[in-house]
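Everything below concerns the one structure shown next.
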Amino acid sequence: MNELELALGPIAHGGHTVARHEGRVVFVRHGIPGERVRVRVTEAGPTASFWRADVVAVLEASGDRRPHPWPEADALAAADAGTVPVGGAEFGHIAPARQRRLKREVLAEQVHRLAGLDAPDLPEPAVEAVPDEDPAGLHWRTRVTFDVTADGRVGMHPHRSDAVLPVATMPLAVPAVDALGLARVDLTGVARVEVAVPSGPDGRGGRPLLTLFPATSELDDGDGAVTFGPVERGGTARAGVDRAGVDEAGVDHAALRRIAAAVPGASVCWLGPVTHRVHALRGEPWVTERVGERRYRVTGDGFWQVHRRAPDVLAAAVRDALGPVDGLTVHDLYAGAGLFSGLLAAAGAAVTSVEAARGASADAALNLADLPAVTVRHGDVARYLGGPPAGGRGRPGGNRRTRGPRQGRAGGGQRRGDDRRPDALAIPGPADVVVVDPPRVGLDRRVTDRLIAVPPARLAYVSCDPASFARDLGRFRTAGWQVHTVRAFDLYPNTHHLESFALLTPPRR
């Protein structure tokens, strides 16, 4: 049984609609609730509790169905051609307003089921569109990860597949990505290419940055740091960046130079498979972002929000929820390159910025060097709060949380703490405010437990996954915390992803 006719039911977390066949649940991609479709079963088994399937033909279409704006991700076109679509735009066939309503349904279901929040407790949040968004939901990604096909072409993965299919365009990205012409470049010699374009329509941060990952690389995130200590501040040289041609075993340096020469419109660097260090080939191995009046330098292996307007939108959400912070103590956990740390310190707070990824933490140390009220610490968040050591922050599936749709990779080079130094392991006292922006898996349970045991006066929670967000809200509510605000933002148009925000307070003692 390869194809079925199904009536599609409600939306589910993960971008699927829920259908049933002879009593068995079938999770279907590329449909819209209420449609009748023909699907191709992609994962099944006689004892499986559910099956997976893709729409290959629409028999009764929703009024919210539209032509898909990205040919390589169009499931119907792929089915007609006898192939499969690439992932990354699974909602592209849905009108943007309906996309946001479906995301709202998913968030409402998750917070009801996992956090016990109903309408009387908190109004169901709308998923807010980003100001000045493209009407079709295009041209918003400033960070894109491409894989490379066996014959050296730029490509991407289909959903739940290790295959790499060539792509000619990436219309979800800002136009500067396609303008690089990567589809015309022979990428033989690298396994992956990451593109970062400075946010803003005027390109105020400079030209795009291409980060190459040599084909011999077997990279891990390098984030399992168990040491903890302050990161050096100031200076002009980016920790973890080499400009000398360091020879790493197995790297095809000629291929790297050839690729750099073929993309003259970008700065180019590569990540060493042995040292996990960023090596500059041409230009600076970072881009410069601006949020308000502050500038942030983000290196090729660092973390930054994917949507061109996301930093401004999320900074405003945090600022509006917290109000005045002058004179308050703030712990910014999973702080990345220091977006929220800079915002709150500039408003008068004393901030400790904590990040496990070495490269992102080094970026934060440079970005916040002019703010004497900020202490930047590199290490495991749970250990900073007083828990046992554990692995650090990892990337949540391409998006760099990859945010998303979401994290930093090993950069190395900055001064690390020494476990024998008492100040390196000092457990912080309660803060007035804690801000958390964890990867897609949400808060480490040790972090949640520590925040409940030593609560701040207020907790601002930024999340890129509604399931882990709702689970964590439920853990706090079980401990007596109150949820005051829940907001949601459509920072990933044409995908099922969304960004959520909540403000919580602990029970009075």
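Ordering of the structure tokens sets the chain letters (A, B, ...); residue numbers start at 1 within each chain; ligands are numbered from 1 in the order shown.
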Check segment 82-286 of chain A with DSSP on the backbone and list each residue it calls alpha helix (DSSP H), as a ChimeraX atom specification. /A:96-115,175-179,253-262
Please give the complete set of residues from segment 267-508 of chain A that DSSP, run on the backbone, assigns to strand (DSSP E or B), formatted as number ranges by chain. A: 267-271, 278-282, 286-291, 294-299, 307, 329-333, 350-355, 374-378, 399, 404, 433-436, 458-463, 482-489, 499-505
What lies within 8 Å of Leu210 of chain A using only C-alpha atoms, ignoring chain neighbours under 5 positions off, as a list in words?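 Selected residues are Val193, Glu194, Val195, Ala196, Ala266, Ser267, Val268, Cys269 and Gly300 of chain A.
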Grab the residues selected above and save them as a PDB file, in the first residue's frame with C-alpha atoms.
ATOM      1  CA  VAL A 193      28.342  26.014   3.225  1.00  0.00           C
ATOM      2  CA  GLU A 194      26.809  28.516   5.611  1.00  0.00           C
ATOM      3  CA  VAL A 195      25.857  32.004   4.452  1.00  0.00           C
ATOM      4  CA  ALA A 196      25.327  34.934   6.806  1.00  0.00           C
ATOM      5  CA  ALA A 266      31.457  37.716  -0.066  1.00  0.00           C
ATOM      6  CA  SER A 267      33.970  37.463   2.711  1.00  0.00           C
ATOM      7  CA  VAL A 268      35.038  33.829   3.050  1.00  0.00           C
ATOM      8  CA  CYS A 269      36.292  31.738   5.960  1.00  0.00           C
ATOM      9  CA  GLY A 300      30.899  32.627  11.024  1.00  0.00           C
TER      10      GLY A 300
END
With the cut-off set at 10 Å and counting only C-alpha atoms, tabulate each residue of segment 269-310 of chain A with an atom at most that distance from an atom of segment 366-386 of chain A, showing the nearest atom pair and its distance in Å to one decimal, ordered by chain and increasing number, as a Markdown table.
| residue | atom | partner | partner_atom | distance |
| --- | --- | --- | --- | --- |
| A:Thr288 | CA | A:Asn367 | CA | 10.0 |
| A:Arg294 | CA | A:Asn367 | CA | 8.7 |
| A:Arg295 | CA | A:Asn367 | CA | 7.1 |
| A:Tyr296 | CA | A:Asn367 | CA | 5.4 |
| A:Arg297 | CA | A:Asn367 | CA | 6.3 |
| A:Val298 | CA | A:Asn367 | CA | 8.8 |
Find the residue from A:Tyr334, A:Thr47, A:Leu459, A:Thr495 that sits nearest to Pro438 of chain A; use only C-alpha atoms when measuring. A:Tyr334
